[in-house]
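Engineer: Pasting run_8.cif below, which is mmCIF, C-alpha atoms.
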```cif
data_data
#
loop_
_atom_site.label_atom_id
_atom_site.label_comp_id
_atom_site.auth_asym_id
_atom_site.auth_seq_id
_atom_site.Cartn_x
_atom_site.Cartn_y
_atom_site.Cartn_z
CA MET C 1 -4.70 24.40 -9.82
CA VAL C 2 -6.51 22.65 -12.67
CA ALA C 3 -4.48 19.47 -12.12
CA THR C 4 -5.33 19.48 -8.40
CA GLY C 5 -9.03 19.81 -9.21
CA LEU C 6 -8.80 16.95 -11.69
CA VAL C 7 -7.05 14.77 -9.12
CA SER C 8 -9.74 15.52 -6.54
CA LEU C 9 -12.50 14.68 -8.99
CA ALA C 10 -10.66 11.54 -10.07
CA GLU C 11 -10.39 10.39 -6.43
CA ILE C 12 -14.17 10.75 -6.11
CA ASP C 13 -14.64 8.77 -9.33
CA LEU C 14 -12.23 6.11 -8.03
CA ASP C 15 -14.09 5.85 -4.71
CA GLN C 16 -17.39 5.51 -6.57
CA GLY C 17 -16.08 2.88 -8.99
CA ARG C 18 -16.12 5.10 -12.07
CA LEU C 19 -12.73 3.84 -13.17
CA LYS C 20 -12.79 5.01 -16.79
CA GLU C 21 -13.67 8.54 -15.73
CA ALA C 22 -11.02 8.50 -13.00
CA HIS C 23 -8.39 7.28 -15.46
CA GLU C 24 -9.21 10.02 -17.98
CA LYS C 25 -9.02 12.77 -15.35
CA LEU C 26 -5.77 11.41 -13.98
CA GLU C 27 -4.19 11.21 -17.44
CA ASN C 28 -5.11 14.87 -17.99
CA ALA C 29 -3.76 15.83 -14.56
CA LEU C 30 -0.55 13.92 -15.25
CA THR C 31 -0.03 15.73 -18.54
CA ILE C 32 -0.46 19.09 -16.80
CA ARG C 33 1.79 18.23 -13.85
CA GLN C 34 4.54 16.80 -16.02
CA ALA C 35 4.49 19.92 -18.21
CA LYS C 36 4.63 22.27 -15.20
CA LEU C 37 6.60 20.26 -12.63
CA GLY C 38 8.44 17.53 -14.49
CA GLN C 39 9.17 14.39 -12.47
CA SER C 40 8.13 15.67 -9.04
CA PRO C 41 6.47 14.18 -5.94
CA ASP C 42 3.21 15.79 -7.10
CA THR C 43 3.56 13.98 -10.42
CA ALA C 44 4.25 10.72 -8.56
CA GLU C 45 0.99 11.20 -6.63
CA VAL C 46 -0.99 11.16 -9.88
CA ILE C 47 0.95 8.14 -11.15
CA ASP C 48 0.18 6.28 -7.89
CA LEU C 49 -3.50 6.99 -8.40
CA LEU C 50 -3.28 5.68 -11.96
CA GLY C 51 -1.78 2.52 -10.49
CA GLN C 52 -4.66 2.24 -8.05
CA VAL C 53 -7.12 2.56 -10.92
CA ALA C 54 -5.26 -0.19 -12.79
CA MET C 55 -5.41 -2.43 -9.70
CA LYS C 56 -9.18 -1.92 -9.44
CA GLN C 57 -9.39 -2.82 -13.14
CA ASN C 58 -7.53 -6.07 -12.32
CA ASP C 59 -4.55 -4.99 -14.38
CA ALA C 60 -1.70 -5.62 -11.93
CA LYS C 61 0.92 -5.51 -14.68
CA GLN C 62 -0.05 -1.98 -15.67
CA ALA C 63 -0.30 -1.02 -12.00
CA GLN C 64 3.23 -2.36 -11.50
CA ILE C 65 4.50 -0.06 -14.25
CA TYR C 66 2.79 2.97 -12.67
CA PHE C 67 3.91 2.15 -9.13
CA LYS C 68 7.49 1.51 -10.24
CA GLN C 69 7.54 4.87 -12.04
CA ALA C 70 6.17 6.68 -8.98
CA LEU C 71 8.70 4.92 -6.73
CA THR C 72 11.58 5.97 -8.96
CA ILE C 73 10.42 9.60 -8.94
CA ARG C 74 10.00 9.61 -5.17
CA GLU C 75 13.37 7.97 -4.50
CA ASP C 76 15.07 10.46 -6.81
CA SER C 77 13.33 13.54 -5.42
CA LEU C 78 12.64 12.64 -1.77
CA GLY C 79 15.15 9.92 -0.97
CA THR C 80 14.72 6.32 0.08
CA GLY C 81 13.72 7.12 3.67
CA ASN C 82 10.68 9.29 2.98
CA ALA C 83 7.16 8.20 4.00
CA LEU C 84 5.88 8.65 0.44
CA THR C 85 8.67 6.42 -0.81
CA GLY C 86 7.53 3.81 1.73
CA LYS C 87 3.97 4.16 0.43
CA SER C 88 5.18 3.59 -3.14
CA LYS C 89 7.05 0.45 -2.04
CA MET C 90 3.92 -0.98 -0.42
CA LEU C 91 1.78 -0.21 -3.46
CA LEU C 92 4.32 -1.77 -5.81
CA GLY C 93 4.55 -4.76 -3.49
CA GLU C 94 0.77 -5.22 -3.62
CA ALA C 95 0.85 -5.24 -7.42
CA LEU C 96 3.61 -7.86 -7.31
CA VAL C 97 1.67 -10.02 -4.84
CA THR C 98 -1.30 -9.98 -7.20
CA GLN C 99 1.01 -11.34 -9.91
CA LYS C 100 2.45 -13.93 -7.48
CA LEU C 101 5.89 -12.32 -7.67
CA TYR C 102 6.34 -13.00 -3.99
CA PRO C 103 10.11 -12.65 -3.41
CA GLU C 104 10.15 -9.18 -4.98
CA ALA C 105 7.07 -8.17 -3.00
CA GLU C 106 8.63 -9.46 0.23
CA SER C 107 11.70 -7.29 -0.30
CA LEU C 108 9.59 -4.19 -0.94
CA TYR C 109 7.34 -4.86 2.07
CA LYS C 110 10.39 -5.20 4.35
CA GLN C 111 11.86 -1.98 2.96
CA ALA C 112 8.55 -0.19 3.50
CA ILE C 113 8.35 -1.46 7.09
CA ASP C 114 11.85 -0.11 7.70
CA VAL C 115 11.01 3.29 6.20
CA ASN C 116 7.66 3.53 7.98
CA SER C 117 9.15 2.43 11.32
CA ARG C 118 11.67 5.26 11.11
CA THR C 119 9.09 7.77 9.86
CA PHE C 120 6.01 6.99 11.97
CA GLY C 121 7.55 5.03 14.83
CA ARG C 122 7.89 1.29 15.31
CA GLU C 123 4.58 1.10 17.16
CA SER C 124 2.37 3.05 14.73
CA ALA C 125 -0.83 1.98 13.04
CA ARG C 126 0.93 2.30 9.67
CA VAL C 127 3.61 -0.21 10.66
CA ALA C 128 0.99 -2.59 12.10
CA LEU C 129 -0.82 -2.54 8.76
CA ASP C 130 2.46 -3.17 6.95
CA TYR C 131 3.13 -6.21 9.14
CA ASP C 132 -0.40 -7.47 8.43
CA LYS C 133 0.34 -7.29 4.71
CA LEU C 134 3.66 -9.08 5.22
CA ALA C 135 1.87 -11.81 7.20
CA THR C 136 -0.62 -12.30 4.38
CA LEU C 137 2.23 -12.49 1.87
CA TYR C 138 4.08 -15.09 3.93
CA SER C 139 0.92 -17.14 4.17
CA LYS C 140 0.53 -17.07 0.40
CA MET C 141 4.17 -18.16 0.10
CA GLY C 142 3.52 -21.11 2.41
CA LYS C 143 5.83 -19.68 5.08
CA GLN C 144 3.50 -20.24 8.02
CA ALA C 145 6.01 -19.61 10.83
CA GLU C 146 6.98 -16.26 9.29
CA ALA C 147 3.30 -15.42 8.69
CA ASP C 148 2.48 -16.07 12.33
CA LYS C 149 5.47 -14.03 13.52
CA ALA C 150 4.52 -11.05 11.32
CA ALA C 151 0.86 -11.31 12.39
CA ASP C 152 1.90 -11.44 16.06
CA THR C 153 4.11 -8.38 15.57
CA ALA C 154 1.17 -6.52 14.01
CA LEU C 155 -1.08 -7.55 16.87
CA GLN C 156 1.43 -6.48 19.52
CA ILE C 157 1.63 -3.05 17.88
CA LYS C 158 -2.16 -2.76 17.61
CA ARG C 159 -2.57 -3.63 21.29
CA LYS C 160 -0.47 -0.60 22.19
CA LEU C 161 -2.62 1.74 20.10
CA PRO C 162 -5.67 3.49 21.56
CA GLY C 163 -8.51 0.97 21.87
CA GLY C 164 -6.29 -1.99 21.01
CA ALA C 165 -5.68 -3.46 24.45
CA ARG C 166 -8.43 -6.06 24.07
CA LEU C 167 -7.44 -7.35 20.64
CA LYS C 168 -6.38 -10.96 20.38
CA ARG C 169 -5.36 -13.36 17.65
CA THR C 170 -8.24 -15.69 16.89
CA GLN C 171 -6.41 -18.19 14.70
CA PRO C 172 -3.16 -18.66 12.82
CA VAL C 173 -2.78 -16.98 9.49
CA ALA C 174 -3.73 -19.78 7.11
CA THR C 175 -6.18 -18.33 4.65
CA GLY C 176 -4.04 -15.46 3.49
CA THR C 177 -5.50 -12.95 5.90
CA THR C 178 -4.50 -11.97 9.38
CA GLN C 179 -7.39 -12.30 11.74
CA THR C 180 -7.82 -10.47 15.00
CA ALA C 181 -10.93 -10.03 17.03
CA ASN C 182 -12.21 -8.41 20.18
CA PRO C 183 -12.96 -10.91 22.90
CA PRO C 184 -16.67 -11.34 23.64
CA THR C 185 -18.01 -9.10 26.35
CA THR C 186 -19.92 -10.60 29.25
CA LYS C 187 -23.10 -9.02 30.49
#
```
Go through the file and emit its structure as C-alpha coordinates.
Structural biologist:
Amino acid sequence: MVATGLVSLAEIDLDQGRLKEAHEKLENALTIRQAKLGQSPDTAEVIDLLGQVAMKQNDAKQAQIYFKQALTIREDSLGTGNALTGKSKMLLGEALVTQKLYPEAESLYKQAIDVNSRTFGRESARVALDYDKLATLYSKMGKQAEADKAADTALQIKRKLPGGARLKRTQPVATGTTQTANPPTTK
(Lines of atoms letter the chains of each structure in order from A and count residues from 1; the text may use other names and numbers.)
(Lines give C-alpha, C1' and ligand atoms only; values in the text may rest on other atoms or scores of the structure.)
Protein backbone atom coordinates (compact mmCIF):
# COMPACT_ATOMS: atom_id res chain seq x y z
CA MET A 1 0.00 0.00 0.00
CA VAL A 2 2.79 2.44 0.86
CA ALA A 3 4.68 1.54 -2.33
CA THR A 4 1.55 2.14 -4.44
CA GLY A 5 1.08 5.56 -2.84
CA LEU A 6 4.72 6.42 -3.50
CA VAL A 7 4.37 5.36 -7.14
CA SER A 8 1.26 7.50 -7.56
CA LEU A 9 2.98 10.52 -6.04
CA ALA A 10 6.08 9.87 -8.16
CA GLU A 11 3.95 9.80 -11.33
CA ILE A 12 2.57 13.22 -10.40
CA ASP A 13 6.10 14.50 -9.79
CA LEU A 14 7.20 13.04 -13.14
CA ASP A 15 4.29 14.70 -14.96
CA GLN A 16 5.13 18.02 -13.32
CA GLY A 17 8.85 17.79 -14.09
CA ARG A 18 9.98 17.26 -10.51
CA LEU A 19 12.40 14.54 -11.54
CA LYS A 20 14.54 14.41 -8.41
CA GLU A 21 11.48 14.01 -6.21
CA ALA A 22 10.02 11.38 -8.54
CA HIS A 23 13.29 9.44 -8.53
CA GLU A 24 13.50 9.45 -4.73
CA LYS A 25 9.92 8.21 -4.33
CA LEU A 26 10.42 5.52 -6.94
CA GLU A 27 13.63 4.30 -5.31
CA ASN A 28 11.75 3.98 -2.01
CA ALA A 29 8.84 2.21 -3.71
CA LEU A 30 11.26 -0.15 -5.46
CA THR A 31 12.93 -1.06 -2.17
CA ILE A 32 9.54 -1.86 -0.63
CA ARG A 33 8.28 -3.85 -3.62
CA GLN A 34 11.48 -5.86 -3.97
CA ALA A 35 11.39 -6.72 -0.26
CA LYS A 36 7.73 -7.79 -0.38
CA LEU A 37 7.35 -9.13 -3.94
CA GLY A 38 10.82 -9.86 -5.25
CA GLN A 39 11.21 -9.62 -9.03
CA SER A 40 7.54 -9.25 -9.96
CA PRO A 41 5.56 -7.36 -12.62
CA ASP A 42 4.74 -4.76 -9.96
CA THR A 43 8.46 -4.30 -9.33
CA ALA A 44 9.03 -3.98 -13.09
CA GLU A 45 6.44 -1.17 -13.19
CA VAL A 46 8.53 0.88 -10.76
CA ILE A 47 11.72 0.12 -12.68
CA ASP A 48 10.05 1.28 -15.92
CA LEU A 49 9.13 4.54 -14.23
CA LEU A 50 12.72 4.97 -13.06
CA GLY A 51 13.74 4.51 -16.69
CA GLN A 52 11.29 7.19 -17.76
CA VAL A 53 12.74 9.56 -15.17
CA ALA A 54 16.24 8.82 -16.51
CA MET A 55 15.07 9.53 -20.07
CA LYS A 56 13.64 12.89 -18.99
CA GLN A 57 17.00 13.60 -17.33
CA ASN A 58 18.67 12.88 -20.70
CA ASP A 59 20.40 9.82 -19.29
CA ALA A 60 19.54 7.21 -21.92
CA LYS A 61 22.28 4.85 -20.74
CA GLN A 62 20.80 4.65 -17.25
CA ALA A 63 17.31 4.37 -18.75
CA GLN A 64 18.55 1.47 -20.87
CA ILE A 65 19.71 -0.34 -17.72
CA TYR A 66 16.32 0.18 -16.04
CA PHE A 67 14.29 -0.80 -19.11
CA LYS A 68 16.40 -3.90 -19.71
CA GLN A 69 15.91 -4.95 -16.08
CA ALA A 70 12.14 -4.43 -16.31
CA LEU A 71 12.01 -6.36 -19.60
CA THR A 72 13.86 -9.30 -18.08
CA ILE A 73 11.49 -9.40 -15.10
CA ARG A 74 8.43 -9.22 -17.34
CA GLU A 75 9.67 -11.89 -19.75
CA ASP A 76 10.48 -14.19 -16.84
CA SER A 77 7.20 -13.64 -14.99
CA LEU A 78 4.69 -12.89 -17.77
CA GLY A 79 6.23 -14.40 -20.88
CA THR A 80 7.36 -12.87 -24.13
CA GLY A 81 3.85 -12.39 -25.53
CA ASN A 82 2.39 -10.21 -22.78
CA ALA A 83 1.36 -6.58 -23.43
CA LEU A 84 3.57 -5.33 -20.60
CA THR A 85 6.51 -7.15 -22.13
CA GLY A 86 5.73 -5.35 -25.41
CA LYS A 87 5.67 -2.05 -23.53
CA SER A 88 9.09 -2.80 -22.02
CA LYS A 89 10.48 -3.58 -25.48
CA MET A 90 9.26 -0.26 -26.85
CA LEU A 91 10.68 1.68 -23.90
CA LEU A 92 14.04 -0.07 -24.20
CA GLY A 93 13.98 0.57 -27.94
CA GLU A 94 13.41 4.29 -27.34
CA ALA A 95 16.42 4.44 -25.02
CA LEU A 96 18.51 2.69 -27.68
CA VAL A 97 17.33 5.10 -30.39
CA THR A 98 18.43 8.02 -28.23
CA GLN A 99 21.90 6.44 -28.10
CA LYS A 100 21.82 5.80 -31.88
CA LEU A 101 21.90 2.04 -31.33
CA TYR A 102 19.52 1.63 -34.23
CA PRO A 103 19.79 -2.06 -35.17
CA GLU A 104 19.05 -3.16 -31.60
CA ALA A 105 16.16 -0.70 -31.37
CA GLU A 106 14.75 -1.93 -34.70
CA SER A 107 14.68 -5.50 -33.44
CA LEU A 108 12.89 -4.50 -30.23
CA TYR A 109 10.37 -2.33 -32.09
CA LYS A 110 9.53 -5.21 -34.45
CA GLN A 111 9.14 -7.59 -31.50
CA ALA A 112 6.88 -5.09 -29.74
CA ILE A 113 4.75 -4.68 -32.88
CA ASP A 114 4.36 -8.45 -33.03
CA VAL A 115 3.39 -8.70 -29.36
CA ASN A 116 1.03 -5.73 -29.52
CA SER A 117 -0.59 -6.95 -32.75
CA ARG A 118 -1.42 -10.25 -31.07
CA THR A 119 -2.51 -8.58 -27.82
CA PHE A 120 -4.48 -5.54 -29.01
CA GLY A 121 -5.22 -6.49 -32.61
CA ARG A 122 -3.38 -5.61 -35.80
CA GLU A 123 -5.53 -2.52 -36.33
CA SER A 124 -5.29 -0.96 -32.86
CA ALA A 125 -4.14 2.51 -31.89
CA ARG A 126 -1.25 0.93 -29.96
CA VAL A 127 0.07 -0.82 -33.07
CA ALA A 128 -0.35 2.35 -35.15
CA LEU A 129 1.80 4.22 -32.63
CA ASP A 130 4.39 1.45 -32.73
CA TYR A 131 4.57 1.70 -36.53
CA ASP A 132 4.98 5.48 -36.23
CA LYS A 133 7.97 4.92 -33.96
CA LEU A 134 9.40 2.36 -36.37
CA ALA A 135 8.98 4.84 -39.24
CA THR A 136 10.86 7.50 -37.30
CA LEU A 137 13.62 5.02 -36.53
CA TYR A 138 13.95 4.02 -40.18
CA SER A 139 14.16 7.67 -41.16
CA LYS A 140 16.98 8.22 -38.68
CA MET A 141 18.73 5.16 -40.14
CA GLY A 142 18.44 6.62 -43.63
CA LYS A 143 16.10 3.83 -44.75
CA GLN A 144 13.55 6.04 -46.46
CA ALA A 145 11.61 3.32 -48.29
CA GLU A 146 11.13 1.39 -45.05
CA ALA A 147 10.22 4.60 -43.20
CA ASP A 148 7.55 5.39 -45.76
CA LYS A 149 6.18 1.84 -45.65
CA ALA A 150 5.96 1.87 -41.83
CA ALA A 151 4.38 5.34 -41.86
CA ASP A 152 1.84 4.20 -44.46
CA THR A 153 1.01 1.14 -42.36
CA ALA A 154 0.45 3.37 -39.32
CA LEU A 155 -1.76 5.68 -41.36
CA GLN A 156 -3.83 2.82 -42.77
CA ILE A 157 -4.45 1.58 -39.23
CA LYS A 158 -5.33 5.07 -37.98
CA ARG A 159 -7.82 5.55 -40.82
CA LYS A 160 -9.74 2.52 -39.57
CA LEU A 161 -9.97 3.88 -36.04
CA PRO A 162 -12.86 6.10 -34.93
CA GLY A 163 -12.37 9.59 -36.37
CA GLY A 164 -9.46 8.53 -38.56
CA ALA A 165 -11.16 8.24 -41.94
CA ARG A 166 -10.06 11.71 -43.03
CA LEU A 167 -6.39 11.40 -42.10
CA LYS A 168 -3.86 11.60 -44.90
CA ARG A 169 -0.10 11.59 -45.23
CA THR A 170 1.11 15.11 -45.87
CA GLN A 171 4.71 14.34 -46.80
CA PRO A 172 7.25 11.53 -46.73
CA VAL A 173 9.00 10.81 -43.49
CA ALA A 174 12.22 12.75 -43.90
CA THR A 175 12.71 14.72 -40.73
CA GLY A 176 12.51 11.82 -38.34
CA THR A 177 8.83 12.23 -37.62
CA THR A 178 5.79 10.77 -39.27
CA GLN A 179 3.42 13.48 -40.32
CA THR A 180 -0.28 13.10 -40.87
CA ALA A 181 -2.89 15.78 -41.08
CA ASN A 182 -6.59 16.27 -41.53
CA PRO A 183 -7.48 17.65 -44.92
CA PRO A 184 -8.73 21.25 -44.86
CA THR A 185 -12.46 21.63 -44.55
CA THR A 186 -14.34 23.76 -47.04
CA LYS A 187 -17.00 26.16 -45.90
Engineer: Give me the result of the PyMOL selection byres ((chain C and resi 135-140) around 12) on this file, residue by residue, as an mmCIF file with C-alpha atoms, in the frame of the given file.
Structural biologist:
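Below you can see expr-v7.cif, which holds the result:
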```
data_model
loop_
_atom_site.group_PDB
_atom_site.id
_atom_site.type_symbol
_atom_site.label_atom_id
_atom_site.label_comp_id
_atom_site.auth_asym_id
_atom_site.auth_seq_id
_atom_site.Cartn_x
_atom_site.Cartn_y
_atom_site.Cartn_z
ATOM 1 C CA MET C 90 3.920 -0.980 -0.420
ATOM 2 C CA GLY C 93 4.550 -4.760 -3.490
ATOM 3 C CA GLU C 94 0.770 -5.220 -3.620
ATOM 4 C CA ALA C 95 0.850 -5.240 -7.420
ATOM 5 C CA LEU C 96 3.610 -7.860 -7.310
ATOM 6 C CA VAL C 97 1.670 -10.020 -4.840
ATOM 7 C CA THR C 98 -1.300 -9.980 -7.200
ATOM 8 C CA GLN C 99 1.010 -11.340 -9.910
ATOM 9 C CA LYS C 100 2.450 -13.930 -7.480
ATOM 10 C CA LEU C 101 5.890 -12.320 -7.670
ATOM 11 C CA TYR C 102 6.340 -13.000 -3.990
ATOM 12 C CA PRO C 103 10.110 -12.650 -3.410
ATOM 13 C CA GLU C 104 10.150 -9.180 -4.980
ATOM 14 C CA ALA C 105 7.070 -8.170 -3.000
ATOM 15 C CA GLU C 106 8.630 -9.460 0.230
ATOM 16 C CA SER C 107 11.700 -7.290 -0.300
ATOM 17 C CA LEU C 108 9.590 -4.190 -0.940
ATOM 18 C CA TYR C 109 7.340 -4.860 2.070
ATOM 19 C CA LYS C 110 10.390 -5.200 4.350
ATOM 20 C CA ALA C 128 0.990 -2.590 12.100
ATOM 21 C CA LEU C 129 -0.820 -2.540 8.760
ATOM 22 C CA ASP C 130 2.460 -3.170 6.950
ATOM 23 C CA TYR C 131 3.130 -6.210 9.140
ATOM 24 C CA ASP C 132 -0.400 -7.470 8.430
ATOM 25 C CA LYS C 133 0.340 -7.290 4.710
ATOM 26 C CA LEU C 134 3.660 -9.080 5.220
ATOM 27 C CA MET C 141 4.170 -18.160 0.100
ATOM 28 C CA GLY C 142 3.520 -21.110 2.410
ATOM 29 C CA LYS C 143 5.830 -19.680 5.080
ATOM 30 C CA GLN C 144 3.500 -20.240 8.020
ATOM 31 C CA ALA C 145 6.010 -19.610 10.830
ATOM 32 C CA GLU C 146 6.980 -16.260 9.290
ATOM 33 C CA ALA C 147 3.300 -15.420 8.690
ATOM 34 C CA ASP C 148 2.480 -16.070 12.330
ATOM 35 C CA LYS C 149 5.470 -14.030 13.520
ATOM 36 C CA ALA C 150 4.520 -11.050 11.320
ATOM 37 C CA ALA C 151 0.860 -11.310 12.390
ATOM 38 C CA ASP C 152 1.900 -11.440 16.060
ATOM 39 C CA THR C 153 4.110 -8.380 15.570
ATOM 40 C CA ALA C 154 1.170 -6.520 14.010
ATOM 41 C CA LEU C 155 -1.080 -7.550 16.870
ATOM 42 C CA PRO C 172 -3.160 -18.660 12.820
ATOM 43 C CA VAL C 173 -2.780 -16.980 9.490
ATOM 44 C CA ALA C 174 -3.730 -19.780 7.110
ATOM 45 C CA THR C 175 -6.180 -18.330 4.650
ATOM 46 C CA GLY C 176 -4.040 -15.460 3.490
ATOM 47 C CA THR C 177 -5.500 -12.950 5.900
ATOM 48 C CA THR C 178 -4.500 -11.970 9.380
ATOM 49 C CA GLN C 179 -7.390 -12.300 11.740
#
```
Engineer: List, as a PyMOL selection string, every residue that the PyMOL selection byres ((chain C and resi 9) around 12) selects in the file provided.
Structural biologist: chain C and resi 2-8+10-16+18-19+21-26+28-29+49
Engineer: Please write the residues picked by the PyMOL selection byres ((chain C and resi 123) around 9) on this file as a PyMOL selection string.
Structural biologist: chain C and resi 117+120-122+124-128+154+156-158+160-161
Engineer: Mind pulling up the distance from atom CA of Glu45 of chain C to atom CA of Lys89 of chain C?
Structural biologist: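 For atom CA of Lys89 of chain C relative to atom CA of Glu45 of chain C, the distance reads 13.2 Å.
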Engineer: As an exercise, work out the distance from atom CA of Val115 of chain C to atom CA of Ala44 of chain C in Å and give it to one decimal place.
Structural biologist: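 Distance between the two atoms: 17.9 Å.
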Engineer: As an exercise, work out the distance from atom CA of Thr72 of chain C to atom CA of Ile47 of chain C in Å and give it to one decimal place.
Structural biologist: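 A separation of 11.1 Å between them.
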Engineer: Counting all atoms listed in the file, which of C:Ile32, C:Val46, C:Leu37, C:Ile113 gets nearest to Ala70 of chain C?
Structural biologist: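 Looking at the shortest contact to Ala70 of chain C, the residue is C:Val46.
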Engineer: Using only C-alpha atoms, which of C:Gly163, C:Asn58, C:Tyr66, C:Ser77 sits nearest Asp42 of chain C?
Structural biologist: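 The shortest atom-to-atom distance to Asp42 of chain C comes from C:Ser77.
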Engineer: Taking into account all atoms listed in the file, which residue in the set C:Asn116, C:Thr80, C:Leu91, C:Gln39 is nearest to Ile65 of chain C?
Structural biologist: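 Of the candidates, the smallest distance to Ile65 of chain C is held by C:Leu91.
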